[in-house]
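**Q** I'd like to ask you about the structure that follows.
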Amino acid sequence: MLGVATIAFVAAAAASVHSGEMTTRLRRILATPVGLSLAAFFAWANVSILWSHDPVASLRMWGELVLPVGFALAIAASGRFRPQPAWLKALAVAIIFACLLSIVELASGLSQRATLGVGKLFGFVFNRPAITALVLAVPTAHGLWRSSDARRSNRLLAAVLVLAVAALALKSESASARLGIVVCMICWLLSLYLPRLMLAAVAGAFVLTMAMAPVLGIAAENWLPSQILNRFAVMTGQARIDIWLSFGEVARSSPLHGAGFGTSTSMHLHPLATEVSPTHKELFAVGHPHDMPLQAWAETGLIGVSLLTLAGLLLLRQLSRLPTPEMAPRLALFAAAFAIAVVGHGAWQGWWIATLAASILWFTPSDFRAGGLQMLPRSSAGDEWKASPLSSEAV
């Protein structure tokens, strides 16, 4: 879907009389500190494929990571995507209906899927929709609440959107989605009143979590009380810790450069697997560590993790320059998405990267004016807009 959208927006930009500006905008985005650090990580991830035991599978996974990022960059550089209240309302309605459909399906024991004979008949298949709805709902609700024509109906729709997303998270089997909602709401609220403190807290938690990933399993096994652990389902609780222990041993076996990008899917075949204790080898079959920082450690080592940590900190520095009402939802999304990635799915899965990319695009910089992040009219009619020199960093 993101790729199809890219074709439309890039074609529209190329057909305009200002088509040359698309290249300029792209260069500005890539030349930002965040852009350079992420580009460095992509390059290092590509290099690490050289010591992968399955270079073809690793290259395919690298493409799955880079492709949606490239799509989002192309849409941003086109300058044609400008979320308007009408678009935000349409997206909000779509997310609400998606949540209701998912809730009905879960409540009916997957009756529709069974009748149609499509897909897996397991409730966990709705975990991704629950997470996707949450990530996309953050910029949508924010845009509706603070839109230039923020009527009561817009804010009511935003409230209904939040309730629908929360209801789906509670109904689904996704503990990650529920964690993300709690983190998002707490961070958003506190950021409005204690912005600097929350920025520091999120940055500290981010760095600490990235640093301790190789010993996450050991820490959870030794420090997580059994009373808390027993409240989770089997795959959410002890099995998740066992998975972290397995991939943690891989990360500690090759701490500098890792096992090679994309090797988690078949880690049991990697030569490094011979250094893992026999009791933990079986859990390599799950395909990924269910922890993004740990997967980065296991596959790209200290070098890759350092580049990702740098990119995250640079992004937080960019957020610190925004007005508080604009910084709060973006910081909340950062914290919620990172919390989900720490306990959830594979780090480089395309659906996840595309969801994050789409959510970033739906945060429009045109509804605030501070720190050079304003949008400047190009024509007297006001129907076209041009980003100011600093606005590419906001993207």
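Ordered as shown in the structure tokens, chains take letters A, B, and onward, while each chain numbers its residues from 1 and ligands are numbered from 1 in the order shown.
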Using DSSP on the backbone coordinates, identify the residues of stretch 270-357 of chain A assigned to alpha helix (DSSP H); present them as a ChimeraX atom specification.
**A** /A:278-281,292-320,324-343,350-357
**Q** Residues within 12 Å of A:Arg60, please, as number ranges by chain. Count only C-alpha atoms; anything in the same chain fewer than 2 positions from it doesn't count.
**A** A: 46, 49, 54-58, 62-67, 261-263, 265, 348-350
**Q** Please determine, counting only C-alpha atoms, which residue among A:Ala357, A:Ile103, A:Val276, A:Phe284 has the shortest atom-to-atom distance to A:Asn127.
**A**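 The shortest atom-to-atom distance to A:Asn127 comes from A:Ile103.
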**Q** Which residues come within 9 Å of A:Pro214, counting only C-alpha atoms, excluding same-chain residues fewer than 4 positions away, as a list in words?
**A**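 Near neighbours after the sequence-gap exclusion: Met210, Ile218, Trp244, Leu245, Phe247, Gly248, Glu249, Val250, Ala251, Arg252, Pro255, Pro293, Leu294, Trp297 and Ala298 of chain A.
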**Q** Please list as a PDB file with C-alpha atoms, in the first residue's frame every residue within 9 Å of A:Met327, counting only C-alpha atoms and excluding residues in the same chain fewer than 5 positions away.
**A**
```pdb
ATOM      1  CA  TRP A 188       1.656  11.864  26.075  1.00  0.00           C
ATOM      2  CA  SER A 191       4.964  15.286  28.228  1.00  0.00           C
ATOM      3  CA  LEU A 192       2.374  18.060  28.133  1.00  0.00           C
ATOM      4  CA  PRO A 195       8.274  17.908  28.623  1.00  0.00           C
ATOM      5  CA  LEU A 319      11.692  16.471  19.078  1.00  0.00           C
ATOM      6  CA  SER A 320      13.053  18.628  21.888  1.00  0.00           C
ATOM      7  CA  ARG A 321      13.025  21.616  19.522  1.00  0.00           C
ATOM      8  CA  LEU A 322       9.272  21.401  18.891  1.00  0.00           C
ATOM      9  CA  ALA A 332       4.533   9.298  22.987  1.00  0.00           C
TER      10      ALA A 332
END
```
**Q** Tell me which protein, DNA and RNA residues are within 12 Å of stretch 105-116 of chain A, counting only C-alpha atoms, leaving out same-chain ones fewer than 6 positions away, and put them as a ChimeraX atom specification.
**A** /A:98-99,122-127,130,167-173
**Q** What is the atom CA of A:Trp44-atom CA of A:Thr32 distance in Å, reported with one decimal?
**A**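 Between atom CA of A:Trp44 and atom CA of A:Thr32 the gap works out to 18.3 Å.
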**Q** Contacts of A:Ala337 at 9 Å or less, counting only C-alpha atoms, minus same-chain residues fewer than 3 places along, as a PyMOL selection string?
**A** chain A and resi 131+135+180+184+332-334+340-342+356
**Q** Show which residues sit within 9 Å of A:Leu256, as JSON, numbers by chain. Count only C-alpha atoms, and ignore same-chain residues fewer than 2 positions away.
**A** {"A": [251, 252, 254, 258, 297, 300, 301, 302, 303, 304]}
**Q** Write the residues you've just listed into a file as a short mmCIF file (atom, residue, chain, number, x, y, z; two decimals), in the first residue's frame, and include N, CA and C atoms for each of them.
**A**
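So the final result, stored in result10.cif, reads:
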```cif
data_model
loop_
_atom_site.label_atom_id
_atom_site.label_comp_id
_atom_site.auth_asym_id
_atom_site.auth_seq_id
_atom_site.Cartn_x
_atom_site.Cartn_y
_atom_site.Cartn_z
N ALA A 251 24.34 -13.05 20.81
CA ALA A 251 24.84 -11.68 20.85
C ALA A 251 26.16 -11.59 21.62
N ARG A 252 26.26 -12.33 22.70
CA ARG A 252 27.50 -12.30 23.50
C ARG A 252 28.62 -13.10 22.85
N SER A 254 29.31 -13.00 19.59
CA SER A 254 29.92 -12.14 18.58
C SER A 254 29.50 -10.70 18.84
N GLY A 258 28.26 -9.12 15.20
CA GLY A 258 27.06 -9.93 15.13
C GLY A 258 27.15 -11.09 14.15
N TRP A 297 21.53 -6.51 18.22
CA TRP A 297 22.78 -7.00 18.79
C TRP A 297 23.19 -8.32 18.14
N THR A 300 23.81 -7.48 14.08
CA THR A 300 24.73 -6.42 13.63
C THR A 300 25.74 -6.01 14.69
N GLY A 301 25.65 -6.58 15.89
CA GLY A 301 26.65 -6.34 16.92
C GLY A 301 26.65 -4.91 17.46
N LEU A 302 27.71 -4.60 18.17
CA LEU A 302 27.86 -3.30 18.81
C LEU A 302 27.85 -2.16 17.80
N ILE A 303 28.43 -2.41 16.63
CA ILE A 303 28.50 -1.35 15.62
C ILE A 303 27.09 -0.96 15.17
N GLY A 304 26.29 -1.95 14.82
CA GLY A 304 24.93 -1.65 14.38
C GLY A 304 24.09 -1.04 15.48
#
```
**Q** Please determine, counting only C-alpha atoms, which residue among A:Arg317, A:Ile243, A:Arg151, A:Thr355 has the shortest atom-to-atom distance to A:Thr279.
**A**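 When distances to A:Thr279 are compared using only C-alpha atoms, the smallest one comes from A:Ile243.
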**Q** Which value, in Å to one decimal, gives the distance between atom CA of A:Val34 and atom CA of A:Leu315?
**A** 6.2 Å
**Q** Pick from A:Ala43, A:Leu134, A:Gly79, A:Leu36: nearest to A:His18, with only C-alpha atoms counted?
**A**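 Among A:Ala43, A:Leu134, A:Gly79, A:Leu36, it is A:Gly79 that comes nearest to A:His18.
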**Q** Between A:Met61, A:Ala200, A:Leu156, A:Val4, single out the one closest to A:Glu299, counting only C-alpha atoms.
**A**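 The shortest atom-to-atom distance to A:Glu299 comes from A:Met61.
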**Q** Kindly indicate which residue among A:Asn154, A:Thr24, A:Asn222, A:Ser52 lies nearest to A:Pro271, using only C-alpha atoms for the distances.
**A**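 Looking only at the distances to A:Pro271, the closest residue turns out to be A:Ser52.
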**Q** Check the smallest atom-to-atom distance from each of A:Ala137, A:Ala273, A:Ala296, A:Ala177 to A:Gly344 using only C-alpha atoms, then report the winner.
**A** A:Ala177
**Q** What is the distance between atom CA of A:Ser266 and atom CA of A:Ala285, in Å to one decimal?
**A** 7.2 Å
